[in-house]
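One structure below.
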Amino acid sequence: MIEYLRGGIAELSPATAVIDCNGLGYAVNISLNTYAVIQGKKECKLYIYEAIREDAYVLYGFADKQERELFLLLISVSGIGGNTARMILSALSPAELVNAISAENVNLLKTVKGIGLKTAQRVIVDLKDKIKTGGATAGVSGGTSGLLPSASAQIQEEAVAALTMLGFSQAPSQKVVFGILKEEPDAPVEQVIKLALKRL
């Protein structure tokens, strides 16, 4: 079992990272929160969850153990798989997620693509007692916007690529991202994707 990967960042997008460990490249699915932490760095350490199925062997990586614990809690809820859990952790920071569950904020959870009323209620019922509110909110910070190039075209390209990797169609993704960048031309890519996740 892989506990973590430490190595050079060979490739990085808002949805995936390729970590070079002594010449072996591991493709790892990441959330926007993890992307915000590791972007701009040459090396990183990601805590790993391995999803081994008959048809696939998928790695999910997290910048800290707390985000991985939240991911494991989310996939323990009936109806939530790895990609949906990653979507939740991309739309909400760990602190926001913990607060939403402890405050039983169904409406905030429903803003995440693919999460309906019943699933949001199930997340709260199943996880409320498991989440320790103390310390759990000290998680990953959201914005390291200064590390991104200011060219809107590149941000638009990265955001659309990330959204298509998360399962959205390209045309509506482009339309939504373009609209967000018109409103907030200086928004960093992770902010653009977070806003797009709520509008798509």
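Identifiers for the structure tokens are assigned positionally: chains receive A, B, ... in sequence, residues are indexed from 1 per chain, and ligands are indexed from 1 in the order shown.
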Using only C-alpha atoms, which residues of region 17-100 of chain A come within 6 Å of region 5-12 of chain A, and what is the closest atom pair for each, with the distance in Å to one decimal? Give it as a Markdown table, sorted by chain and residue number.
```
| residue | atom | partner | partner_atom | distance |
| --- | --- | --- | --- | --- |
| A:Ala17 | CA | A:Leu12 | CA | 4.5 |
| A:Val18 | CA | A:Glu11 | CA | 5.0 |
| A:Ile19 | CA | A:Ile9 | CA | 4.9 |
| A:Asp20 | CA | A:Gly8 | CA | 5.0 |
| A:Cys21 | CA | A:Gly7 | CA | 4.9 |
| A:Lys42 | CA | A:Ile9 | CA | 5.6 |
| A:Glu43 | CA | A:Gly8 | CA | 4.1 |
| A:Cys44 | CA | A:Arg6 | CA | 5.8 |
| A:Lys45 | CA | A:Arg6 | CA | 4.2 |
| A:Leu46 | CA | A:Leu5 | CA | 5.3 |
```
Got a sec to tell me which of region 29-144 of chain A DSSP assigns to alpha helix (DSSP H), as a VMD selection string? chain A and resid 32 to 38 65 to 75 82 to 91 94 to 102 106 to 110 117 to 127 133 to 136
Selection from above, C-alpha atoms, as a short mmCIF file (atom, residue, chain, number, x, y, z; two decimals), in the first residue's frame, can you write it?
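Everything below was put into part08.cif:
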```cif
data_model
loop_
_atom_site.label_atom_id
_atom_site.label_comp_id
_atom_site.auth_asym_id
_atom_site.auth_seq_id
_atom_site.Cartn_x
_atom_site.Cartn_y
_atom_site.Cartn_z
CA LEU A 32 -8.32 21.99 -6.27
CA ASN A 33 -7.30 22.45 -2.64
CA THR A 34 -4.20 20.30 -3.16
CA TYR A 35 -3.49 22.02 -6.48
CA ALA A 36 -3.52 25.40 -4.73
CA VAL A 37 -0.95 24.15 -2.21
CA ILE A 38 1.52 22.52 -4.62
CA LYS A 65 -3.55 13.93 5.90
CA GLN A 66 -6.61 15.88 6.98
CA GLU A 67 -7.87 16.25 3.41
CA ARG A 68 -7.26 12.54 2.82
CA GLU A 69 -9.25 11.69 5.97
CA LEU A 70 -12.15 13.80 4.72
CA PHE A 71 -11.94 12.04 1.34
CA LEU A 72 -12.08 8.63 3.07
CA LEU A 73 -15.07 9.74 5.11
CA LEU A 74 -16.86 10.99 1.98
CA ILE A 75 -16.35 7.75 0.02
CA GLY A 82 -13.82 8.83 -5.60
CA ASN A 83 -14.61 11.36 -8.33
CA THR A 84 -17.60 12.78 -6.48
CA ALA A 85 -15.54 13.06 -3.28
CA ARG A 86 -12.82 14.87 -5.23
CA MET A 87 -15.46 17.18 -6.71
CA ILE A 88 -16.69 18.05 -3.20
CA LEU A 89 -13.10 18.74 -2.05
CA SER A 90 -12.58 20.92 -5.13
CA ALA A 91 -15.73 22.97 -4.59
CA PRO A 94 -11.68 21.13 4.09
CA ALA A 95 -12.66 23.82 6.61
CA GLU A 96 -15.81 24.73 4.65
CA LEU A 97 -16.76 21.06 4.33
CA VAL A 98 -16.31 20.37 8.04
CA ASN A 99 -18.33 23.48 8.90
CA ALA A 100 -21.07 22.56 6.42
CA ILE A 101 -21.42 19.07 7.91
CA SER A 102 -21.29 20.17 11.55
CA VAL A 106 -27.55 21.08 3.23
CA ASN A 107 -27.77 24.03 0.83
CA LEU A 108 -23.98 24.51 0.71
CA LEU A 109 -23.42 20.81 -0.04
CA LYS A 110 -26.08 20.96 -2.76
CA LEU A 117 -30.78 16.90 -1.59
CA LYS A 118 -30.79 13.22 -0.54
CA THR A 119 -27.03 12.79 -0.96
CA ALA A 120 -26.32 16.02 0.93
CA GLN A 121 -28.57 14.86 3.78
CA ARG A 122 -26.88 11.45 3.79
CA VAL A 123 -23.42 13.05 4.00
CA ILE A 124 -24.52 15.07 7.03
CA VAL A 125 -26.26 12.16 8.79
CA ASP A 126 -23.40 9.71 8.16
CA LEU A 127 -20.49 12.03 8.91
CA THR A 133 -14.87 20.10 14.63
CA GLY A 134 -11.83 21.04 16.66
CA GLY A 135 -8.66 21.08 14.60
CA ALA A 136 -10.43 19.84 11.50
#
```
Straight-line distance linking CA of Leu181 (chain A) with CA of Ala162 (chain A), stated in Å to one decimal: 15.4 Å
Please identify all polymer residues within 10 Å of Ala153 (chain A), counting only C-alpha atoms, omitting same-chain residues fewer than 5 positions from it, and present them as a list of chain:residue names.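 Here the qualifying residues turn out to be A:Glu158, A:Ala159, A:Phe178, A:Leu181.
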Got a sec to tell me which of region 52-166 of chain A DSSP assigns to strand (DSSP E), as a list of chain:residue names?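 Across region 52-166 of chain A, those assigned strand (DSSP E) are A:Ile52, A:Tyr57, A:Val58, A:Leu59, A:Tyr60, A:Gly61, A:Phe62.
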May I have the residues within 9 Å of Gln156 (chain A) as a PyMOL selection string, using only C-alpha atoms and disregarding those fewer than 5 positions away in the same chain? chain A and resi 151+161+174+177-178+181+189+192
For a quick check of understanding, using only C-alpha atoms, which of A:Val28, A:Ala196, A:Lys175, A:Glu190 has the smallest distance to Gly61 (chain A)?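 Of all the options, A:Val28 lies closest to Gly61 (chain A).
Between Ser76 (chain A) and the residues A:Lys130, A:Glu184, A:Asp64, A:Asp55, the shortest atom-to-atom distance, using only C-alpha atoms, involves A:Lys130.
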So what do you get for CA of Ile2 (chain A) versus CA of Leu59 (chain A), distance-wise?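 CA of Leu59 (chain A) lies 9.2 Å from CA of Ile2 (chain A).
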Quote the spacing between CA of Ser93 (chain A) and CA of Gly79 (chain A) in Å to one decimal place.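 A separation of 21.0 Å between them.
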